[in-house]
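Participant: Quick one, my_file-v9.pdb (PDB, C-alpha atoms and all ligand atoms):
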ATOM      1  CA  MET A   1     113.314 104.059 117.264  1.00  0.00           C
ATOM      2  CA  PRO A   2     112.733 102.920 113.657  1.00  0.00           C
ATOM      3  CA  GLU A   3     110.085 104.621 111.533  1.00  0.00           C
ATOM      4  CA  LEU A   4     106.605 103.153 111.823  1.00  0.00           C
ATOM      5  CA  GLU A   5     104.969 102.366 108.491  1.00  0.00           C
ATOM      6  CA  LEU A   6     101.229 101.819 108.231  1.00  0.00           C
ATOM      7  CA  ILE A   7     100.279 100.207 104.946  1.00  0.00           C
ATOM      8  CA  GLY A   8      96.780 100.560 103.507  1.00  0.00           C
ATOM      9  CA  ALA A   9      94.305 102.746 101.648  1.00  0.00           C
ATOM     10  CA  GLU A  10      93.304 106.007 103.320  1.00  0.00           C
ATOM     11  CA  PRO A  11      89.504 105.476 103.144  1.00  0.00           C
ATOM     12  CA  SER A  12      89.588 102.019 104.807  1.00  0.00           C
ATOM     13  CA  ASN A  13      87.772 102.283 108.131  1.00  0.00           C
ATOM     14  CA  TYR A  14      90.342 100.009 109.764  1.00  0.00           C
ATOM     15  CA  VAL A  15      93.252 102.098 108.453  1.00  0.00           C
ATOM     16  CA  TRP A  16      91.436 105.161 109.768  1.00  0.00           C
ATOM     17  CA  THR A  17      90.971 103.580 113.221  1.00  0.00           C
ATOM     18  CA  CYS A  18      94.718 102.937 113.450  1.00  0.00           C
ATOM     19  CA  ARG A  19      95.493 106.462 112.288  1.00  0.00           C
ATOM     20  CA  ILE A  20      93.203 107.941 114.955  1.00  0.00           C
ATOM     21  CA  ALA A  21      95.028 105.801 117.541  1.00  0.00           C
ATOM     22  CA  LEU A  22      98.418 106.995 116.232  1.00  0.00           C
ATOM     23  CA  ALA A  23      97.230 110.611 116.350  1.00  0.00           C
ATOM     24  CA  GLU A  24      95.879 110.194 119.896  1.00  0.00           C
ATOM     25  CA  LYS A  25      99.284 108.854 120.990  1.00  0.00           C
ATOM     26  CA  GLY A  26     101.186 111.494 118.997  1.00  0.00           C
ATOM     27  CA  VAL A  27     103.203 108.833 117.159  1.00  0.00           C
ATOM     28  CA  PRO A  28     104.925 109.895 113.902  1.00  0.00           C
ATOM     29  CA  TYR A  29     104.424 107.408 111.053  1.00  0.00           C
ATOM     30  CA  ARG A  30     104.373 107.016 107.296  1.00  0.00           C
ATOM     31  CA  LEU A  31     101.182 105.940 105.541  1.00  0.00           C
ATOM     32  CA  SER A  32     102.114 103.825 102.520  1.00  0.00           C
ATOM     33  CA  PRO A  33      99.138 103.582 100.155  1.00  0.00           C
ATOM     34  CA  ALA A  34      98.170 100.011  99.239  1.00  0.00           C
ATOM     35  CA  TRP A  35      94.960  98.166  98.404  1.00  0.00           C
ATOM     36  CA  PRO A  36      94.028  94.813  99.912  1.00  0.00           C
ATOM     37  CA  HIS A  37      95.496  91.738  98.217  1.00  0.00           C
ATOM     38  CA  THR A  38      98.569  93.554  96.888  1.00  0.00           C
ATOM     39  CA  PRO A  39     102.027  92.038  97.412  1.00  0.00           C
ATOM     40  CA  GLU A  40     103.073  94.342 100.274  1.00  0.00           C
ATOM     41  CA  VAL A  41      99.846  93.522 102.133  1.00  0.00           C
ATOM     42  CA  ASP A  42      99.801  89.807 101.297  1.00  0.00           C
ATOM     43  CA  ALA A  43     103.333  89.624 102.689  1.00  0.00           C
ATOM     44  CA  ILE A  44     101.967  90.417 106.164  1.00  0.00           C
ATOM     45  CA  HIS A  45      98.213  89.604 106.331  1.00  0.00           C
ATOM     46  CA  PRO A  46      97.387  85.944 105.638  1.00  0.00           C
ATOM     47  CA  PHE A  47      94.122  87.027 103.977  1.00  0.00           C
ATOM     48  CA  GLY A  48      95.455  90.186 102.311  1.00  0.00           C
ATOM     49  CA  LYS A  49      93.522  92.724 104.397  1.00  0.00           C
ATOM     50  CA  ILE A  50      94.473  96.276 105.293  1.00  0.00           C
ATOM     51  CA  PRO A  51      95.935  97.775 107.390  1.00  0.00           C
ATOM     52  CA  VAL A  52      99.291  96.127 108.001  1.00  0.00           C
ATOM     53  CA  LEU A  53     102.219  97.594 109.894  1.00  0.00           C
ATOM     54  CA  ARG A  54     105.991  97.504 109.715  1.00  0.00           C
ATOM     55  CA  HIS A  55     108.154  98.799 112.566  1.00  0.00           C
ATOM     56  CA  GLY A  56     111.761  97.699 112.424  1.00  0.00           C
ATOM     57  CA  ALA A  57     111.659  93.900 112.496  1.00  0.00           C
ATOM     58  CA  VAL A  58     108.011  93.872 113.604  1.00  0.00           C
ATOM     59  CA  GLU A  59     105.353  93.052 110.997  1.00  0.00           C
ATOM     60  CA  LEU A  60     101.728  93.044 112.096  1.00  0.00           C
ATOM     61  CA  CYS A  61      98.215  92.823 110.733  1.00  0.00           C
ATOM     62  CA  GLU A  62      94.726  93.266 112.225  1.00  0.00           C
ATOM     63  CA  SER A  63      93.743  96.691 113.514  1.00  0.00           C
ATOM     64  CA  ARG A  64      93.213  95.576 117.132  1.00  0.00           C
ATOM     65  CA  ALA A  65      96.685  94.015 117.297  1.00  0.00           C
ATOM     66  CA  ILE A  66      98.195  97.068 115.605  1.00  0.00           C
ATOM     67  CA  CYS A  67      96.548  99.466 118.071  1.00  0.00           C
ATOM     68  CA  GLY A  68      97.614  97.290 121.011  1.00  0.00           C
ATOM     69  CA  TYR A  69     101.199  97.299 119.784  1.00  0.00           C
ATOM     70  CA  ILE A  70     101.213 101.069 119.272  1.00  0.00           C
ATOM     71  CA  ASP A  71      99.802 101.541 122.776  1.00  0.00           C
ATOM     72  CA  ALA A  72     102.388  99.258 124.370  1.00  0.00           C
ATOM     73  CA  VAL A  73     105.457 100.543 122.517  1.00  0.00           C
ATOM     74  CA  PHE A  74     104.984 104.296 122.375  1.00  0.00           C
ATOM     75  CA  PRO A  75     104.635 106.917 125.085  1.00  0.00           C
ATOM     76  CA  GLY A  76     101.621 109.183 125.146  1.00  0.00           C
ATOM     77  CA  PRO A  77      98.140 108.741 126.580  1.00  0.00           C
ATOM     78  CA  LYS A  78      97.190 105.085 127.154  1.00  0.00           C
ATOM     79  CA  LEU A  79      94.650 103.809 124.641  1.00  0.00           C
ATOM     80  CA  MET A  80      93.666 100.963 126.965  1.00  0.00           C
ATOM     81  CA  PRO A  81      93.145 101.477 130.703  1.00  0.00           C
ATOM     82  CA  SER A  82      95.025  99.074 132.989  1.00  0.00           C
ATOM     83  CA  ASP A  83      91.887  98.570 135.147  1.00  0.00           C
ATOM     84  CA  PRO A  84      90.209  95.410 133.761  1.00  0.00           C
ATOM     85  CA  ALA A  85      86.757  96.699 134.704  1.00  0.00           C
ATOM     86  CA  LYS A  86      87.355  99.713 132.457  1.00  0.00           C
ATOM     87  CA  ALA A  87      89.198  97.868 129.671  1.00  0.00           C
ATOM     88  CA  ALA A  88      86.708  95.028 129.243  1.00  0.00           C
ATOM     89  CA  PRO A  89      83.741  97.171 128.102  1.00  0.00           C
ATOM     90  CA  ILE A  90      86.019  98.794 125.526  1.00  0.00           C
ATOM     91  CA  GLU A  91      87.027  95.354 124.186  1.00  0.00           C
ATOM     92  CA  GLN A  92      83.373  94.327 124.261  1.00  0.00           C
ATOM     93  CA  TRP A  93      82.309  97.216 122.020  1.00  0.00           C
ATOM     94  CA  ILE A  94      85.278  96.817 119.662  1.00  0.00           C
ATOM     95  CA  SER A  95      84.191  93.215 119.218  1.00  0.00           C
ATOM     96  CA  ILE A  96      80.516  94.073 118.689  1.00  0.00           C
ATOM     97  CA  VAL A  97      81.381  96.790 116.164  1.00  0.00           C
ATOM     98  CA  ASN A  98      83.768  94.517 114.264  1.00  0.00           C
ATOM     99  CA  THR A  99      81.592  91.395 114.254  1.00  0.00           C
ATOM    100  CA  HIS A 100      78.066  92.850 113.916  1.00  0.00           C
ATOM    101  CA  ILE A 101      78.228  96.419 112.589  1.00  0.00           C
ATOM    102  CA  ASP A 102      81.144  96.436 110.122  1.00  0.00           C
ATOM    103  CA  PRO A 103      79.988  93.281 108.256  1.00  0.00           C
ATOM    104  CA  VAL A 104      76.555  94.774 107.554  1.00  0.00           C
ATOM    105  CA  TRP A 105      76.976  98.570 107.404  1.00  0.00           C
ATOM    106  CA  LEU A 106      80.250  98.525 105.461  1.00  0.00           C
ATOM    107  CA  ARG A 107      80.990  95.110 103.922  1.00  0.00           C
ATOM    108  CA  GLN A 108      77.410  94.544 102.776  1.00  0.00           C
ATOM    109  CA  TYR A 109      75.799  97.993 102.421  1.00  0.00           C
ATOM    110  CA  LEU A 110      78.573 100.502 101.653  1.00  0.00           C
ATOM    111  CA  VAL A 111      80.609  98.112  99.502  1.00  0.00           C
ATOM    112  CA  ALA A 112      77.511  97.536  97.340  1.00  0.00           C
ATOM    113  CA  TYR A 113      77.662 101.263  96.532  1.00  0.00           C
ATOM    114  CA  ALA A 114      81.418 101.849  96.445  1.00  0.00           C
ATOM    115  CA  PHE A 115      82.696  98.607  94.908  1.00  0.00           C
ATOM    116  CA  PRO A 116      79.676  97.174  93.062  1.00  0.00           C
ATOM    117  CA  ASN A 117      80.051  93.966  91.163  1.00  0.00           C
ATOM    118  CA  THR A 118      77.901  95.219  88.294  1.00  0.00           C
ATOM    119  CA  PRO A 119      78.990  95.652  84.663  1.00  0.00           C
ATOM    120  CA  ASP A 120      78.079  99.373  84.567  1.00  0.00           C
ATOM    121  CA  GLY A 121      79.187 100.310  88.088  1.00  0.00           C
ATOM    122  CA  SER A 122      75.638 100.858  89.335  1.00  0.00           C
ATOM    123  CA  PRO A 123      74.971  99.985  93.009  1.00  0.00           C
ATOM    124  CA  GLU A 124      74.185  96.356  93.843  1.00  0.00           C
ATOM    125  CA  ARG A 125      70.545  96.871  94.767  1.00  0.00           C
ATOM    126  CA  ASP A 126      69.902  93.326  96.037  1.00  0.00           C
ATOM    127  CA  LYS A 127      72.809  93.551  98.494  1.00  0.00           C
ATOM    128  CA  ILE A 128      71.672  96.987  99.694  1.00  0.00           C
ATOM    129  CA  ASP A 129      68.071  95.825 100.101  1.00  0.00           C
ATOM    130  CA  ALA A 130      69.212  92.763 102.035  1.00  0.00           C
ATOM    131  CA  ALA A 131      71.319  94.908 104.404  1.00  0.00           C
ATOM    132  CA  LEU A 132      68.651  97.512 105.189  1.00  0.00           C
ATOM    133  CA  PRO A 133      66.332  95.435 107.435  1.00  0.00           C
ATOM    134  CA  LYS A 134      69.359  94.449 109.546  1.00  0.00           C
ATOM    135  CA  MET A 135      70.508  98.071 109.716  1.00  0.00           C
ATOM    136  CA  GLU A 136      66.988  99.141 110.774  1.00  0.00           C
ATOM    137  CA  GLN A 137      67.416  96.852 113.789  1.00  0.00           C
ATOM    138  CA  GLN A 138      71.035  97.740 114.525  1.00  0.00           C
ATOM    139  CA  PHE A 139      70.777 101.547 114.356  1.00  0.00           C
ATOM    140  CA  PRO A 140      68.518 101.748 117.467  1.00  0.00           C
ATOM    141  CA  VAL A 141      70.919  99.428 119.324  1.00  0.00           C
ATOM    142  CA  MET A 142      73.864 101.708 118.548  1.00  0.00           C
ATOM    143  CA  GLU A 143      71.687 104.781 119.249  1.00  0.00           C
ATOM    144  CA  ARG A 144      71.208 103.487 122.812  1.00  0.00           C
ATOM    145  CA  ALA A 145      74.865 102.480 123.085  1.00  0.00           C
ATOM    146  CA  VAL A 146      76.132 106.038 122.485  1.00  0.00           C
ATOM    147  CA  SER A 147      73.458 107.796 124.549  1.00  0.00           C
ATOM    148  CA  SER A 148      76.081 108.793 127.159  1.00  0.00           C
ATOM    149  CA  GLY A 149      78.263 110.290 124.399  1.00  0.00           C
ATOM    150  CA  HIS A 150      80.718 107.341 124.270  1.00  0.00           C
ATOM    151  CA  LEU A 151      80.519 103.606 123.676  1.00  0.00           C
ATOM    152  CA  ALA A 152      82.348 102.681 126.874  1.00  0.00           C
ATOM    153  CA  GLY A 153      82.865 104.669 130.050  1.00  0.00           C
ATOM    154  CA  ASP A 154      82.980 108.438 130.015  1.00  0.00           C
ATOM    155  CA  ALA A 155      85.819 109.125 127.564  1.00  0.00           C
ATOM    156  CA  PHE A 156      86.703 108.744 123.878  1.00  0.00           C
ATOM    157  CA  THR A 157      88.241 105.256 123.689  1.00  0.00           C
ATOM    158  CA  LEU A 158      89.477 102.676 121.208  1.00  0.00           C
ATOM    159  CA  ALA A 159      85.855 101.512 120.915  1.00  0.00           C
ATOM    160  CA  ASP A 160      84.853 104.936 119.566  1.00  0.00           C
ATOM    161  CA  MET A 161      87.927 104.913 117.294  1.00  0.00           C
ATOM    162  CA  ASN A 162      86.549 101.700 115.764  1.00  0.00           C
ATOM    163  CA  PHE A 163      82.949 102.813 115.419  1.00  0.00           C
ATOM    164  CA  LEU A 164      83.340 106.428 114.283  1.00  0.00           C
ATOM    165  CA  PRO A 165      84.816 105.705 110.811  1.00  0.00           C
ATOM    166  CA  ILE A 166      81.971 103.271 110.098  1.00  0.00           C
ATOM    167  CA  LEU A 167      79.362 105.758 111.274  1.00  0.00           C
ATOM    168  CA  TYR A 168      80.957 108.520 109.188  1.00  0.00           C
ATOM    169  CA  TYR A 169      80.375 106.550 106.003  1.00  0.00           C
ATOM    170  CA  MET A 170      76.692 106.140 106.891  1.00  0.00           C
ATOM    171  CA  GLY A 171      76.280 109.858 106.232  1.00  0.00           C
ATOM    172  CA  THR A 172      77.459 109.411 102.646  1.00  0.00           C
ATOM    173  CA  ARG A 173      74.664 107.178 101.256  1.00  0.00           C
ATOM    174  CA  PRO A 174      70.927 107.830 101.068  1.00  0.00           C
ATOM    175  CA  GLU A 175      69.253 105.087 103.137  1.00  0.00           C
ATOM    176  CA  SER A 176      71.897 105.176 105.882  1.00  0.00           C
ATOM    177  CA  SER A 177      71.690 109.001 105.970  1.00  0.00           C
ATOM    178  CA  ALA A 178      67.944 108.666 106.532  1.00  0.00           C
ATOM    179  CA  LEU A 179      68.584 106.191 109.360  1.00  0.00           C
ATOM    180  CA  LEU A 180      71.094 108.623 110.857  1.00  0.00           C
ATOM    181  CA  ASP A 181      68.550 111.457 110.637  1.00  0.00           C
ATOM    182  CA  ARG A 182      66.188 109.334 112.748  1.00  0.00           C
ATOM    183  CA  SER A 183      68.939 108.691 115.341  1.00  0.00           C
ATOM    184  CA  PRO A 184      69.626 111.931 117.248  1.00  0.00           C
ATOM    185  CA  ALA A 185      72.147 110.436 119.689  1.00  0.00           C
ATOM    186  CA  LEU A 186      74.171 108.842 116.878  1.00  0.00           C
ATOM    187  CA  LYS A 187      74.096 112.077 114.919  1.00  0.00           C
ATOM    188  CA  ALA A 188      75.242 114.140 117.912  1.00  0.00           C
ATOM    189  CA  TYR A 189      77.952 111.530 118.650  1.00  0.00           C
ATOM    190  CA  LEU A 190      79.167 111.679 115.044  1.00  0.00           C
ATOM    191  CA  ASP A 191      79.202 115.486 114.872  1.00  0.00           C
ATOM    192  CA  ARG A 192      80.937 115.838 118.221  1.00  0.00           C
ATOM    193  CA  HIS A 193      83.698 113.321 117.638  1.00  0.00           C
ATOM    194  CA  MET A 194      84.328 114.236 113.993  1.00  0.00           C
ATOM    195  CA  ALA A 195      85.478 117.601 115.392  1.00  0.00           C
ATOM    196  CA  ARG A 196      88.087 115.906 117.630  1.00  0.00           C
ATOM    197  CA  ALA A 197      91.642 116.810 116.566  1.00  0.00           C
ATOM    198  CA  SER A 198      92.815 113.187 116.038  1.00  0.00           C
ATOM    199  CA  VAL A 199      89.764 112.412 113.902  1.00  0.00           C
ATOM    200  CA  LYS A 200      89.836 115.667 111.939  1.00  0.00           C
ATOM    201  CA  ALA A 201      93.531 115.229 111.133  1.00  0.00           C
ATOM    202  CA  THR A 202      92.977 111.699 109.772  1.00  0.00           C
ATOM    203  CA  THR A 203      89.623 111.991 107.983  1.00  0.00           C
ATOM    204  CA  PRO A 204      90.056 110.438 104.522  1.00  0.00           C
ATOM    205  CA  THR A 205      90.479 113.004 101.763  1.00  0.00           C
ATOM    206  CA  TRP A 206      88.743 110.839  99.157  1.00  0.00           C
ATOM    207  CA  MET A 207      85.903 108.357  99.066  1.00  0.00           C
ATOM    208  CA  PRO A 208      86.271 104.640  98.429  1.00  0.00           C
ATOM    209  CA  SER A 209      85.304 103.703  94.870  1.00  0.00           C
ATOM    210  CA  ARG A 210      86.088 100.894  92.484  1.00  0.00           C
ATOM    211  CA  GLU A 211      87.561 103.411  90.020  1.00  0.00           C
ATOM    212  CA  ARG A 212      90.113 104.477  92.666  1.00  0.00           C
ATOM    213  CA  ALA A 213      90.770 100.813  93.426  1.00  0.00           C
ATOM    214  CA  GLY A 214      91.467 100.187  89.741  1.00  0.00           C
ATOM    215  CA  LYS A 215      88.532  97.814  89.504  1.00  0.00           C
ATOM    216  CA  ALA A 216      86.416  99.675  86.938  1.00  0.00           C
ATOM    217  CA  ALA A 217      84.784  97.341  84.423  1.00  0.00           C
TER
HETATM  218  N1  LIG A 301      89.783  92.310 111.057  1.00  0.00           N
HETATM  219  C1  LIG A 301      90.558  93.178 110.183  1.00  0.00           C
HETATM  220  C2  LIG A 301      89.681  93.643 109.062  1.00  0.00           C
HETATM  221  C3  LIG A 301      90.414  94.423 108.012  1.00  0.00           C
HETATM  222  C4  LIG A 301      89.557  94.621 106.788  1.00  0.00           C
HETATM  223  O1  LIG A 301      88.498  94.008 106.622  1.00  0.00           O
HETATM  224  N2  LIG A 301      90.017  95.523 105.923  1.00  0.00           N
HETATM  225  C5  LIG A 301      89.309  95.716 104.683  1.00  0.00           C
HETATM  226  C6  LIG A 301      89.393  97.168 104.235  1.00  0.00           C
HETATM  227  S1  LIG A 301      88.520  98.239 105.366  1.00  0.00           S
HETATM  228  C7  LIG A 301      89.925  94.830 103.619  1.00  0.00           C
HETATM  229  O2  LIG A 301      91.129  94.690 103.567  1.00  0.00           O
HETATM  230  N3  LIG A 301      89.071  94.244 102.793  1.00  0.00           N
HETATM  231  C8  LIG A 301      89.486  93.412 101.687  1.00  0.00           C
HETATM  232  C9  LIG A 301      88.883  92.047 101.731  1.00  0.00           C
HETATM  233  O3  LIG A 301      88.173  91.710 102.698  1.00  0.00           O
HETATM  234  O4  LIG A 301      89.097  91.305 100.807  1.00  0.00           O
HETATM  235  C10 LIG A 301      91.149  94.347 110.991  1.00  0.00           C
HETATM  236  O5  LIG A 301      90.646  94.633 112.084  1.00  0.00           O
HETATM  237  O6  LIG A 301      92.157  94.932 110.566  1.00  0.00           O
END
Please express the file's structure as structure tokens.

Facilitator:
Amino acid sequence: MPELELIGAEPSNYVWTCRIALAEKGVPYRLSPAWPHTPEVDAIHPFGKIPVLRHGAVELCESRAICGYIDAVFPGPKLMPSDPAKAAPIEQWISIVNTHIDPVWLRQYLVAYAFPNTPDGSPERDKIDAALPKMEQQFPVMERAVSSGHLAGDAFTLADMNFLPILYYMGTRPESSALLDRSPALKAYLDRHMARASVKATTPTWMPSRERAGKAA
């Protein structure tokens, strides 16, 4: 079997999701550091996003496709159950997290702190302030969603692998930390699953910042 190469920056939540999946399956791989919109990424993702994957002749982008490929090709515990009634709720929550939560909590709120488009590198206050009312509404939704301890069914699934990295970053900024403090189920969910071996082994060792991305003004 050829070596699997995952290409992307360690702190990316989508890179992290794929790394949790790889760790859950016990698949050996090489993480090749790359930022979005760099030649090695642009060669595979039509919009230059990370992660991308190379495995022999296979080139893939999009975290859901990457995780599906890993699950299908490698032995180890199945990431997706074969029972449609069990698989569908997992897909449902992956979709909700990726289309409702990531765009606001990370793309709008966290990015305004980590990669601000300001001359002096100060946070983009207007973006943060615009995200907060939406987050105030979404936190209670996700609080209810994890009340059983998981997003779907009664086990740690690909849905949790998608949500956990996003939730982790909420503990790193002031307003989202305050929201987390008011959300006991989310906090317990975060603490419990951050201690899981696959998550612990892949937790980013550095925080996203525009200095690290080489975008300092
Ligand atoms: N739908 C993609 C999203 C990937 C994505 O948004 N990655 C971010 C980093 S976490 C990125 O490359 N952002 C750069 C950009 O949007 O220009 C996936 O699931 O892999």

Participant: Determine the nearest neighbour of Glu24 of chain A from the options A:Gly8, A:Pro77, A:Pro123, A:Pro2, counting only C-alpha atoms.

Facilitator: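 Nearest to Glu24 of chain A: A:Pro77.
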
Participant: Could you write out as lines of an AutoDock Vina configuration file the box around ligand LIG 301 (chain A) (axis-aligned, all atoms listed in the file, 3 Å on each side), with centre and edge lengths in Å to one decimal?

Facilitator:
center_x = 90.2
center_y = 94.8
center_z = 106.4
size_x = 10.0
size_y = 12.9
size_z = 17.3

Participant: Around (100.0, 116.0, 124.3), as given in the file, which residues come within 8 Å? Count only C-alpha atoms and list them as a VMD selection string.

Facilitator: chain A and resid 25 to 26 76 to 77

Participant: Would you list the contacts of segment 156-169 of chain A as a list in words, taking every protein, DNA or RNA residue within 6 Å and counting only C-alpha atoms, but skipping same-chain residues closer than 3 positions in sequence?

Facilitator: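 Counting only the stated atoms, we get Asn13, Thr17, Ile90, Trp93, Ile94 and Thr172 of chain A.
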
Participant: Distance limit 7 Å, reference ligand LIG 301 (chain A), atoms considered: only C-alpha atoms and all ligand atoms. Which residues make the cut? Give them as an MDAnalysis selection string.

Facilitator: chainID A and resid 12:15 36:37 48:51 61:64

Participant: Pull out every residue that the PyMOL selection byres (((chain A and resi 198) around 9) and not hetatm) matches in the shown coordinates and put them as a PyMOL selection string.

Facilitator: chain A and resi 19-24+194-197+199-203

Participant: Which is closer to Arg173 of chain A than all the others in A:Leu186, A:Arg125, A:Tyr109, A:Met135, using only C-alpha atoms?

Facilitator: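 Using only C-alpha atoms, the shortest distance to Arg173 of chain A belongs to A:Tyr109.
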
Participant: Using only C-alpha atoms, what residues lie at most 12 Å away from (76.5, 93.3, 94.9) (file coordinates), given as a PyMOL selection string?

Facilitator: chain A and resi 107-119+121-131

Participant: Tell me which of A:Lys86, A:Pro75, A:Glu136, A:Asp181 sits closest to Trp105 of chain A, counting all atoms listed in the file.

Facilitator: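 Going through A:Lys86, A:Pro75, A:Glu136, A:Asp181 one by one, the smallest distance to Trp105 of chain A is for A:Glu136.
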
Participant: Taking the file as shown, find all residues satisfying the PyMOL selection byres (((chain A and resi 73) around 12) and not hetatm) and write them as a PDB file with C-alpha atoms, in the coordinates of the input.

Facilitator:
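The new file selection_27.pdb reads:
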ATOM      1  CA  MET A   1     113.314 104.059 117.264  1.00  0.00           C
ATOM      2  CA  PRO A   2     112.733 102.920 113.657  1.00  0.00           C
ATOM      3  CA  LEU A   4     106.605 103.153 111.823  1.00  0.00           C
ATOM      4  CA  LEU A  22      98.418 106.995 116.232  1.00  0.00           C
ATOM      5  CA  LYS A  25      99.284 108.854 120.990  1.00  0.00           C
ATOM      6  CA  VAL A  27     103.203 108.833 117.159  1.00  0.00           C
ATOM      7  CA  HIS A  55     108.154  98.799 112.566  1.00  0.00           C
ATOM      8  CA  VAL A  58     108.011  93.872 113.604  1.00  0.00           C
ATOM      9  CA  ILE A  66      98.195  97.068 115.605  1.00  0.00           C
ATOM     10  CA  CYS A  67      96.548  99.466 118.071  1.00  0.00           C
ATOM     11  CA  GLY A  68      97.614  97.290 121.011  1.00  0.00           C
ATOM     12  CA  TYR A  69     101.199  97.299 119.784  1.00  0.00           C
ATOM     13  CA  ILE A  70     101.213 101.069 119.272  1.00  0.00           C
ATOM     14  CA  ASP A  71      99.802 101.541 122.776  1.00  0.00           C
ATOM     15  CA  ALA A  72     102.388  99.258 124.370  1.00  0.00           C
ATOM     16  CA  PHE A  74     104.984 104.296 122.375  1.00  0.00           C
ATOM     17  CA  PRO A  75     104.635 106.917 125.085  1.00  0.00           C
ATOM     18  CA  GLY A  76     101.621 109.183 125.146  1.00  0.00           C
ATOM     19  CA  PRO A  77      98.140 108.741 126.580  1.00  0.00           C
ATOM     20  CA  LYS A  78      97.190 105.085 127.154  1.00  0.00           C
ATOM     21  CA  LEU A  79      94.650 103.809 124.641  1.00  0.00           C
TER      22      LEU A  79
END

Participant: Report the distance between atom CA of Ala155 of chain A and atom CA of Trp16 of chain A in Å, rounded to one decimal place.

Facilitator: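 Taking atom CA of Ala155 of chain A as the start and atom CA of Trp16 of chain A as the end point, the length is 19.1 Å.
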
Participant: Identify which of the residues A:Gly153, A:Pro46, A:Gly56, A:Pro208 lies closest to Gln92 of chain A, counting only C-alpha atoms when measuring atom-to-atom distances.

Facilitator: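 Among the listed residues, the smallest separation from Gln92 of chain A belongs to A:Gly153.
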
Participant: A:Glu175, A:Glu5, A:Val104, A:Asp120: which is nearest Arg210 of chain A, counting only C-alpha atoms?

Facilitator: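 Closest residue, counting only C-alpha atoms: A:Asp120.
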